[in-house]
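Here is the structure we will look at.
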Amino acid sequence: MWNGKLNFWYFITFTISLIVAIPILTVFSSFFEDTSQYFEILKKTFFLEYIFNSLILLIGVLFLTFILGVGSAYIVSFYQFPGANFFKWALILSFAVPPYIYAYSLFAFFENYGTAFTILKYFFGDGNYNKQIPKFDGMFGLILSISFSLYAYVYILARSSFLYQSQNLIELGKNLGFSKFKSFYSIILPSARPAIVAGLSLVAMETLAEFGAVDFFSVNTLTTGIYNAWITFDDLAFANRISFFLLLFIFILFLTENLSRKKAKYHLETKGGFKKKEKIKLCGWKSFFAFIFCFTLFFLSFLFPLSQMLYWTIKFPENLIDLQIIDLLLNTLYLVSLSSLFLVFFALISNYGNRVSNKKILNVLSTLSISGYAIPGVILAIAFITFIAWFDENILNTLGFLSIKKIFIGSVLGLVVVYFVRFYSLAFNGIKSGYEKINIAVDESAYLLGYSKSKTFLNIHIPYLRNSLLFVVILISLEIIRELPITLILRPFNFETFATTAYISASEDLLEAAAVPSLCLIVIASFFILLTSNYILRDRDE
Amino acid sequence: MSKNFLEIKNVSFKAGGKIKVRNVSLNIENKGDIICLLGPSGVGKTTILRTIAGLEKIQSGTIKLKGKILSSAKNHIEPENRNISLSFQENSLFPHYTVEKNIYLGVEAKKINGKKRINPKKIIKLLNIEKILSKYPHQISAGEAQRTALARSLVTQPDLLLLDEPLSNVDQSFKEEIQVQLKKLLNDLKITTIVVTHDSYEAFYLGNKCGLILEEKLKQFDDPYNVYHFPNSIEVVNFLNRGILIPAKVTGENSLENEDLGIIKGNFIKHYPKGSKVQLLLQPEDLEHDDKSNLKLEVIDRKFRGTNFIYTLKTPSNKLIPVFVHSHHIHQHEVDEKFGIKRPINIDHIVCF
């Protein structure tokens with residue numbers, strides 16, 4: 001009886017793993033295909049620049065996110081000062097501003113005759129301020145944009161690690177006569193190291209996957225190289241070959257992240273003896289410094305881009321009227337609801353299958369199925385097109401079946417499939433963490449009370465997982481709203497979202513027109529973040 | 001049809017791919033009997049319960065309940081179709097339901113027809129959980145969670161109730177009271193029960209019979225009195241830890257001799273030829289204190305147990321012997337003092353190996 005059911009779980013999990021594996025396999029197989037002569041030209045010209053720029057970008061962003069993320073997490077976790085409770089959740093609002101929107105704001109504020117110029121003119125009258133205003137573009141602007149948008153990954157994980165740190169450990173430092181700096185350097189930081197590395201790895205993966213901001217600042221990285229190979233040279237094999245190198249980069253990061261996450265889990269599993277830390281109350285200039293640090297970070301990462309977009313929306317109200325906000329909202333909601341439905345349904349089935357069958361091979365397959373999150377959207381989208389084209393020509397055409405290109409390329413269905421691959425790990429892990437809180441003895445008790453497996457699933461699991469499911473749906477919604485390259489490449493004709501509209505306006509040098517969709521995106525994303533902030537920032541007792 | 005209520009025949013119990021207890025045969029003859037399984041941690045007691053409940057499968061032998069095969073190499077009735085209830089040692093409460101809902105789910109889940117219904121309120125009162133009914137599992141203590149799980153199992157009125165260390169987290173002060181009430185209730189409702197425990201006193205009190213699981217085997221399955229007084233192996237003696245083995249030589253039909261204690265008289269429960277060298281089981285109750293005796297041993301330790309003292313005495317050949325003395329005995333002996341043993345030594349039943 002059990003074996004029959006097992007086949008079903010294997011089938012579902014295997015199918016999901018296969019779908020996720022398609023882009024990876026496509027990229028790897030394309031590596032051995034012939035490309036046009038552009039690849040040879042590229043190798044001699046820009047290829048080293050792509051790698052060099054990607055590395056510089058990575059190092060710059062990791063350095064800045066480490067300082068911002070760990071610094072803010074430390075101050076908020078260990079000290080009490082005016083606004084500490086507000087900053088605790090306000091600092092994650094930076095997630096609502098994708099790097100490309102931050103880039104638009106940064107550029108617009110400091111450009112010649114931009115917002116900074118207008119402010120100076122307002123206060124000091126006419127003058128040639130353009131020479132004095134610094135320019136944040138190119139690589140430096142890119143590093144700033146990505147760092148202010150992504151530092152929250154490090155902040156959230158470091159903060160949760162700081163919260164779980166044993167008070168005894170910190171008291172031991174005091175007992176040994178350590179100064180505050182030495183306690184931080186010798187005890188607190190090493191204990192939180194796995195969590196910080198995990199946060200930095202996520203930042204690194206997102207940085208290498210970033211497309212919108214990189215494209216806006218015209219910095220040649222591997223991601224833009226892939227996009228240009230496809231758009232400019234119309235050479236999919238060429239795009240896949242560059243993808244191969246980027247995937248290697250990411251594979252190394254993925255391994256690092258996984259290894260550190262395992263350590264982080266080990267680190268967090270401290271049962272019993274947990275003493276809630278008494279926060280140190282700061283007074284005088286120390287309190288002022290803590291407030292200023294957090295406020296500046298909050299201002300620069302969230303208020304600044306929000307204000308810039310709001311300023312332009314008010315200054316150019318005609319853009320508000322021209323934009324079909326309702327259509328964009330409906331398109332976004334359509335994508336969000338359809339993708340969430342598929343993702344939650346399959347992630348739930350797969351998690352349940354893992355639970356009732358408790359087989360190692362299913363766990364291995366599940367781990368494979370969540371690897372999509374590590375693959376940049378550009379690669380996923382192009383690999384998907386490559387695969388569909390190959391399948392269409394080599395399999396369906398040969399067998400005399402109708403083409404499926406139109407069903408999957410430039411359609412909502414294709415978009416949903418690639419979103420599925422990209423965000424399946426969010427859905428799977430979100431539900432998995434909910435399931436991990438239900439002791440297996442709970443299931444067994446239900447069976448012994450006479451509940452069948454399906455009744456246990458419906459009456460015990462689903463009500464308990466309600467919050468996890470809601471959290472997963474909101475998280476997926478947030479990601480899809482912000483997502484740019486997949487939507488840009490695979491969307492149907494005339495089907496726009498806030499993200500694509502902002503990108504298209506910005507790429508046409510109409511930054512003012514990008515303000516309204518960007519503002520809408522920030523507002524909606526902030527709303528979703530606030531809905532989940534309690535869940536994301538939950539303390540041990542909650 | 002078998003006349004036994006529960007019949008376990010030649011079953012090896014397996015968990016995580018590893019055999020925990022081999023080739024067990026055990027019967028519960030009558031409905032309403034309570035049996036207790038004793039043994040050290042990790043020996044496989046819980047695995048036995050899980051297998052009987054249907055949560056683990058068997059590769060050989062049979063498990064029958066009321067003559068119907070529940071488990072065999074070919075058949076396996078799913079847990080939900082067995083009408084067997086298992087109260088887990090760990091917290092198995094539904095985390096999103098209150099204590100009250102957890103208990104009443106048991107009643108709702110099983111339609112109880114044609115039986116004398118248990119009043120859940122009576123169980124709730126008996127287990128002293130009235131005050132926590134509106135709380136959620138994460139808001140109650142481990143002992144309260146255990147009592148709630150016990151209540152949920154009881155209200156389902158199962159054919160067979162399996163209790164895994166049911167009172168291990170319950171406060172000592174409250175434990176004995178619950179034991180008394182629980183036994184009364186199980187007897188009144190005639191619920192056949194298997195209790196797993198590591199507490200030999202709990203097992204001796206609750207069980208009509210006790211089974212000792214040691215070294216992957218069911219070593220002894222007998223009345224509590226017999227298990228205590230007539231252990232059938234050195235392993236059982238060591239596990240119960242209620243006496244020591246000293247070397248002796250059989251000197252006659254009713255006597256033997258130890259080099260430190262001299263002649264010991266009593267009734268052998270098993271015949272040994274004269275001159276045999278044996279290991280004699282000496283339990284704390286076997287020796288009597290007598291200050292006037294010329295057999296004096298050195299006091300090494302004294303444990304106060306409320307109603308009695310257990311003195312540990314050292315013999316000239318360096319054996320440590322436990323001796324029971326009522327705590328009302330006025331003359332207490334300190335460590336290093338001499339302690340007299342009444343002679344001649346008479347033991348009601350002599351157990352040797």
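Going through the structure tokens in order, the chains are called A, B, and so on, while each chain numbers its residues from 1 and the ligands are numbered from 1 in the order shown.
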
(request) Select all residues from chain A having any atom no more than 8 Å from an atom of chain B (counting only C-alpha atoms, ignoring ligands), output as a list of chain:residue names. (result) A:Ile438, A:Asn439, A:Ile440, A:Ala441, A:Val442, A:Glu444, A:Ser445, A:Ala446, A:Tyr447, A:Leu448, A:Leu449, A:Gly450, A:Tyr451, A:Ser452, A:Ile460, A:Pro463, A:Tyr464

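Contact shell of Pro99 in chain A at 6 Å (only C-alpha atoms; same-chain neighbours under 4 positions omitted): Ser145, Ile146, Ser149 and Ala213 of chain A.
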
Output C-alpha atoms of each residue in that selection to a file, as a short mmCIF file (atom, residue, chain, number, x, y, z; two decimals), in the first residue's frame.
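Once written, again_1.cif looks like this:
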```cif
data_model
loop_
_atom_site.label_atom_id
_atom_site.label_comp_id
_atom_site.auth_asym_id
_atom_site.auth_seq_id
_atom_site.Cartn_x
_atom_site.Cartn_y
_atom_site.Cartn_z
CA SER A 145 22.65 50.85 -5.64
CA ILE A 146 23.00 47.11 -5.14
CA SER A 149 19.06 47.46 -1.83
CA ALA A 213 20.96 48.32 -12.50
#
```

(message) I'd like the neighbourhood of range 343-353 of chain A as a count of residues only, where a residue qualifies if any of its atoms comes within 7 Å (using only C-alpha atoms), though same-chain residues fewer than 3 positions away should be ignored.
(response) 13

(message) Run DSSP on the backbone and tell me which residues of range 112-327 of chain A come out as alpha helix (DSSP H); list them as a PyMOL selection string.
(response) chain A and resi 115-124+138-164+167-175+180-183+189-209+212-216+222-231+236-268+284-298+304-315+317-322+325-327

Store the residues of this selection in a file with C-alpha atoms, as a short mmCIF file (atom, residue, chain, number, x, y, z; two decimals), in the first residue's frame.
```cif
data_model
loop_
_atom_site.label_atom_id
_atom_site.label_comp_id
_atom_site.auth_asym_id
_atom_site.auth_seq_id
_atom_site.Cartn_x
_atom_site.Cartn_y
_atom_site.Cartn_z
CA THR A 115 17.32 67.02 -7.99
CA ALA A 116 20.46 67.97 -6.01
CA PHE A 117 20.96 70.89 -8.38
CA THR A 118 17.33 71.99 -7.88
CA ILE A 119 17.68 71.87 -4.09
CA LEU A 120 20.88 73.91 -4.12
CA LYS A 121 19.32 76.42 -6.49
CA TYR A 122 16.27 76.69 -4.23
CA PHE A 123 18.37 77.48 -1.17
CA PHE A 124 21.30 79.41 -2.63
CA GLY A 138 29.36 53.69 -13.47
CA MET A 139 30.76 51.03 -11.19
CA PHE A 140 30.64 53.16 -8.04
CA GLY A 141 26.95 54.02 -8.50
CA LEU A 142 26.23 50.39 -9.26
CA ILE A 143 27.93 49.17 -6.08
CA LEU A 144 26.00 51.73 -4.02
CA SER A 145 22.65 50.85 -5.64
CA ILE A 146 23.00 47.11 -5.14
CA SER A 147 24.42 47.44 -1.62
CA PHE A 148 21.68 49.72 -0.30
CA SER A 149 19.06 47.46 -1.83
CA LEU A 150 20.48 44.14 -0.62
CA TYR A 151 22.20 44.81 2.72
CA ALA A 152 18.99 43.69 4.48
CA TYR A 153 19.84 40.04 3.73
CA VAL A 154 22.90 40.39 5.95
CA TYR A 155 20.99 42.52 8.47
CA ILE A 156 18.19 39.94 8.94
CA LEU A 157 20.43 36.90 9.30
CA ALA A 158 23.04 38.65 11.47
CA ARG A 159 20.33 40.11 13.71
CA SER A 160 18.68 36.76 14.23
CA SER A 161 22.05 35.21 15.03
CA PHE A 162 22.86 38.01 17.51
CA LEU A 163 19.47 37.50 19.17
CA TYR A 164 20.04 33.79 19.63
CA GLN A 167 23.67 35.72 27.22
CA ASN A 168 26.03 33.44 29.13
CA LEU A 169 28.59 33.72 26.37
CA ILE A 170 28.48 37.51 26.49
CA GLU A 171 28.59 37.52 30.27
CA LEU A 172 31.58 35.22 30.07
CA GLY A 173 33.35 37.88 27.98
CA LYS A 174 32.62 40.48 30.63
CA ASN A 175 33.81 38.10 33.31
CA LYS A 180 33.11 45.92 24.37
CA PHE A 181 35.17 45.99 21.18
CA LYS A 182 37.02 42.81 22.15
CA SER A 183 33.75 41.08 23.09
CA LEU A 189 31.24 38.17 15.52
CA PRO A 190 32.74 34.64 15.36
CA SER A 191 29.51 33.18 16.81
CA ALA A 192 27.45 34.91 14.12
CA ARG A 193 29.90 34.11 11.34
CA PRO A 194 27.88 31.30 9.69
CA ALA A 195 24.77 33.51 9.56
CA ILE A 196 26.72 36.45 8.17
CA VAL A 197 28.37 34.26 5.52
CA ALA A 198 24.94 32.91 4.58
CA GLY A 199 23.62 36.48 4.21
CA LEU A 200 26.65 37.56 2.16
CA SER A 201 26.27 34.51 -0.09
CA LEU A 202 22.68 35.49 -0.85
CA VAL A 203 23.86 39.02 -1.61
CA ALA A 204 26.58 37.63 -3.88
CA MET A 205 24.13 35.48 -5.83
CA GLU A 206 21.72 38.38 -6.25
CA THR A 207 24.57 40.69 -7.31
CA LEU A 208 25.77 38.32 -10.01
CA ALA A 209 22.17 37.89 -11.14
CA GLY A 212 18.45 46.17 -14.40
CA ALA A 213 20.96 48.32 -12.50
CA VAL A 214 23.96 46.87 -14.32
CA ASP A 215 22.33 47.61 -17.65
CA PHE A 216 21.32 51.12 -16.56
CA LEU A 222 28.68 38.59 -17.32
CA THR A 223 24.90 39.17 -16.90
CA THR A 224 24.71 42.00 -19.39
CA GLY A 225 27.05 40.02 -21.65
CA ILE A 226 24.50 37.20 -21.75
CA TYR A 227 21.64 39.58 -22.49
CA ASN A 228 23.59 41.39 -25.21
CA ALA A 229 24.69 38.12 -26.80
CA TRP A 230 21.07 37.22 -27.16
CA ILE A 231 19.64 40.64 -28.07
CA LEU A 236 21.67 31.74 -28.03
CA ALA A 237 24.64 29.38 -27.94
CA PHE A 238 26.91 32.37 -27.36
CA ALA A 239 24.65 33.56 -24.51
CA ASN A 240 24.66 30.10 -22.99
CA ARG A 241 28.42 29.90 -23.16
CA ILE A 242 28.79 33.07 -21.10
CA SER A 243 26.09 31.71 -18.79
CA PHE A 244 28.27 28.67 -18.21
CA PHE A 245 30.99 30.85 -16.69
CA LEU A 246 28.51 32.77 -14.58
CA LEU A 247 26.98 29.50 -13.34
CA LEU A 248 30.41 28.30 -12.29
CA PHE A 249 30.79 31.47 -10.23
CA ILE A 250 27.40 30.89 -8.69
CA PHE A 251 27.95 27.20 -8.12
CA ILE A 252 30.94 28.02 -5.92
CA LEU A 253 28.88 30.60 -4.03
CA PHE A 254 25.97 28.16 -3.70
CA LEU A 255 28.24 25.57 -2.14
CA THR A 256 29.68 28.15 0.25
CA GLU A 257 26.22 29.29 1.22
CA ASN A 258 24.95 25.75 1.77
CA LEU A 259 27.94 24.80 3.89
CA SER A 260 27.63 27.92 6.01
CA ARG A 261 23.86 27.47 6.35
CA LYS A 262 24.40 24.01 7.78
CA LYS A 263 26.74 25.49 10.31
CA ALA A 264 24.26 28.25 11.00
CA LYS A 265 21.58 25.69 11.74
CA TYR A 266 23.90 23.91 14.10
CA HIS A 267 24.71 27.18 15.71
CA LEU A 268 21.07 28.13 16.26
CA GLY A 284 24.41 60.95 25.38
CA TRP A 285 26.48 61.04 22.23
CA LYS A 286 26.56 57.24 21.99
CA SER A 287 22.77 57.18 21.76
CA PHE A 288 22.88 59.99 19.22
CA PHE A 289 25.48 58.16 17.13
CA ALA A 290 23.43 54.93 17.12
CA PHE A 291 20.32 56.85 16.06
CA ILE A 292 22.16 58.75 13.33
CA PHE A 293 23.74 55.57 11.94
CA CYS A 294 20.38 53.77 11.71
CA PHE A 295 18.49 56.79 10.47
CA THR A 296 21.08 57.55 7.76
CA LEU A 297 20.91 53.95 6.62
CA PHE A 298 17.11 53.99 6.61
CA PHE A 304 15.84 58.64 -0.52
CA PRO A 305 14.64 56.54 -3.51
CA LEU A 306 11.04 56.83 -2.32
CA SER A 307 11.27 60.63 -2.08
CA GLN A 308 13.00 60.93 -5.44
CA MET A 309 10.25 58.92 -7.16
CA LEU A 310 7.54 60.78 -5.27
CA TYR A 311 9.12 64.14 -6.19
CA TRP A 312 9.12 63.26 -9.89
CA THR A 313 5.60 61.90 -9.75
CA ILE A 314 4.40 65.19 -8.28
CA LYS A 315 6.60 67.29 -10.60
CA PRO A 317 1.81 64.55 -12.98
CA GLU A 318 1.11 63.89 -16.67
CA ASN A 319 3.04 60.60 -16.33
CA LEU A 320 0.60 59.51 -13.67
CA ILE A 321 -2.31 60.13 -16.01
CA ASP A 322 -0.60 58.51 -19.02
CA ILE A 325 -1.90 51.84 -13.47
CA ILE A 326 -4.93 49.59 -13.20
CA ASP A 327 -3.77 47.47 -16.14
#
```

(request) Quick one: everything within 10 Å of Tyr228 in chain B, counting only C-alpha atoms, minus sequence neighbours fewer than 2 positions away in the same chain. Send it as a PyMOL selection string. (result) chain B and resi 200+204+210+222-226+230-232+236-237+240+242+283

Would you mind exporting C-alpha atoms of the selected residues as a PDB file, in the first residue's frame?
```pdb
ATOM      1  CA  SER B 200      10.242  -0.582  38.421  1.00  0.00           C
ATOM      2  CA  PHE B 204       5.129  -3.367  39.919  1.00  0.00           C
ATOM      3  CA  CYS B 210       5.807  -7.314  33.931  1.00  0.00           C
ATOM      4  CA  ASP B 222       5.866 -12.766  34.970  1.00  0.00           C
ATOM      5  CA  ASP B 223       3.892 -11.401  37.926  1.00  0.00           C
ATOM      6  CA  PRO B 224       5.565  -8.387  39.555  1.00  0.00           C
ATOM      7  CA  TYR B 225       6.123 -10.380  42.758  1.00  0.00           C
ATOM      8  CA  ASN B 226       7.920 -13.117  40.891  1.00  0.00           C
ATOM      9  CA  PHE B 230      12.438 -14.769  41.675  1.00  0.00           C
ATOM     10  CA  PRO B 231      14.463 -13.085  38.928  1.00  0.00           C
ATOM     11  CA  ASN B 232      15.322 -15.677  36.326  1.00  0.00           C
ATOM     12  CA  VAL B 236      17.399  -9.195  35.545  1.00  0.00           C
ATOM     13  CA  VAL B 237      19.035  -8.962  38.987  1.00  0.00           C
ATOM     14  CA  LEU B 240      16.483  -4.258  39.061  1.00  0.00           C
ATOM     15  CA  ARG B 242      17.864  -4.543  44.347  1.00  0.00           C
ATOM     16  CA  GLN B 283      18.390  -8.645  48.776  1.00  0.00           C
TER      17      GLN B 283
END
```

(request) Determine, counting only C-alpha atoms, which protein, DNA and RNA residues have an atom within 10 Å of an atom of Thr47 in chain B; residues of the same chain fewer than 4 positions away are not included. Present the result as a ChimeraX atom specification. (result) /B:13-16,19-21,42-43,51-53,55-56

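Proximity ranking of A:Tyr50, A:Leu470, A:Asp392, A:Lys43 relative to Ile407 in chain A places A:Asp392 first, based on only C-alpha atoms.
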